[in-house]
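Novice: Please find one structure pasted underneath; my questions will follow.
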Amino acid sequence: MNKTLMIKDSVLVALSVAGSFMARALGGWDTALQTLVILMAIDYITGILIAAVWQKSSKSKTGALESRAGFKGLVRKGLILLVVLIGVQLDAILGLQAFCRTAIVLFFCGNEGLSIVENLGIMGLPLPDFVKTKFEQLKAKGNPDEHSPEE
């Protein structure tokens with residue numbers, strides 16, 4: 001029993017260290033990153049629900065749940081975090097105060113939010129127009145062509 005507890009504690013410590021390292025590498029576990037991760041999780045879950053329950057997924061030929069499509073979705077979410085990491089490194093090289101990272105996170109929050117709105121629409125859930133508008137604004141705010149670093 002004692003050995004099992006030691007193994008459990010070791011695994012939890014390893015996961016904590018890995019999570020801390022990832023959060024630090026992604027620029028810190030702030031509200032922006034938390035929001036992005038939450039939106040990514042909601043988008044993934046609603047995508048699975050569309051495939052499993054409604055069988056209207058555009059990611060598979062039949063519209064039903066498919067493990068390959070689910071894996072591709074997880075890879076895409078991982079690539080989003082990779083782009084955030086690139087933004088952190090660009091900020092470090094250019095001496096910017098999280099400008100690139102923030103723009104990237106805002107862009108992907110808007111993108112994930114719009115995807116959630118689309119998924120909920122497929123499920124038949126009516127949403128107020130301002131919700132979609134706010135996600136579109138968030139996505140546009142993350143476009144560095146529209147804003148300068150001084151803003």
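Residues in the structure tokens are named by chain (A, B, ... in the order shown) and by number from 1 within that chain; ligands are numbered from 1 in the order shown.
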Can you pull out every residue within 7 Å of segment 83-86 of chain A, counting only C-alpha atoms, but drop anything in the same chain fewer than 3 positions away, and send it as a list in words?

Specialist: Ala25, Leu26, Leu79, Ile80, Gln89, Leu90, Arg101, Ile104 and Val105 of chain A

Novice: Do you know which residues are at most 12 Å from segment 125-136 of chain A counting only C-alpha atoms, after dropping those on the same chain fewer than 4 positions away, and could you put them as JSON, numbers by chain?

Specialist: {"A": [39, 46, 106, 107, 108, 109, 110, 111, 112, 113, 114, 115, 116, 117, 118, 119, 120, 121, 140, 141, 142, 143]}

Novice: Skip Arg76 of chain A itself and residues of its chain fewer than 6 positions away, then list as a list in words all residues within 10 Å of it, counting only C-alpha atoms.

Specialist: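 Answer for this query is Met40, Gly70 and Leu82 of chain A.
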
Novice: Would you save the residues of that selection, restricted to C-alpha atoms, as a compact mmCIF listing (two decimals), in the first residue's frame?

Specialist:
```
# COMPACT_ATOMS: atom_id res chain seq x y z
CA MET A 40 -10.14 24.82 -26.70
CA GLY A 70 -10.60 13.28 -32.89
CA LEU A 82 2.90 25.76 -30.19
```

Novice: In Å, rounded to a single decimal, give me how far atom CA of Ala51 of chain A is from atom CA of Gly63 of chain A.

Specialist: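 Those two atoms sit 5.9 Å apart.
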
Novice: What gap, in Å, lies between atom CA of Leu33 of chain A and atom CA of Phe21 of chain A?

Specialist: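 Separation between atom CA of Leu33 of chain A and atom CA of Phe21 of chain A: 14.0 Å.
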
Novice: Nearest to Ala103 of chain A: which of A:Ile48, A:Ala23, A:Val11, A:Val88 is it, counting only C-alpha atoms?

Specialist: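 Closest to Ala103 of chain A of all the choices is A:Val88.
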
Novice: If we count only C-alpha atoms and set the cut-off at 10 Å, which residues sit around Gln97 of chain A, ignoring sequence neighbours fewer than 5 positions away in its own chain? Please answer as a list in words.

Specialist: Val88, Asp91, Ala92, Thr102 and Pro149 of chain A

Novice: Atom CA of Gln55 of chain A to atom CA of Ile122 of chain A: how many Å, to one decimal?

Specialist: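 Straight-line distance from atom CA of Gln55 of chain A to atom CA of Ile122 of chain A works out to 10.2 Å.
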
Novice: Enumerate the residues of chain A with a DSSP assignment of helix (DSSP H, G or I), computed from the backbone, and present them as a ChimeraX atom specification.

Specialist: /A:2-25,31-54,67-94,99-122,129-141,144-146
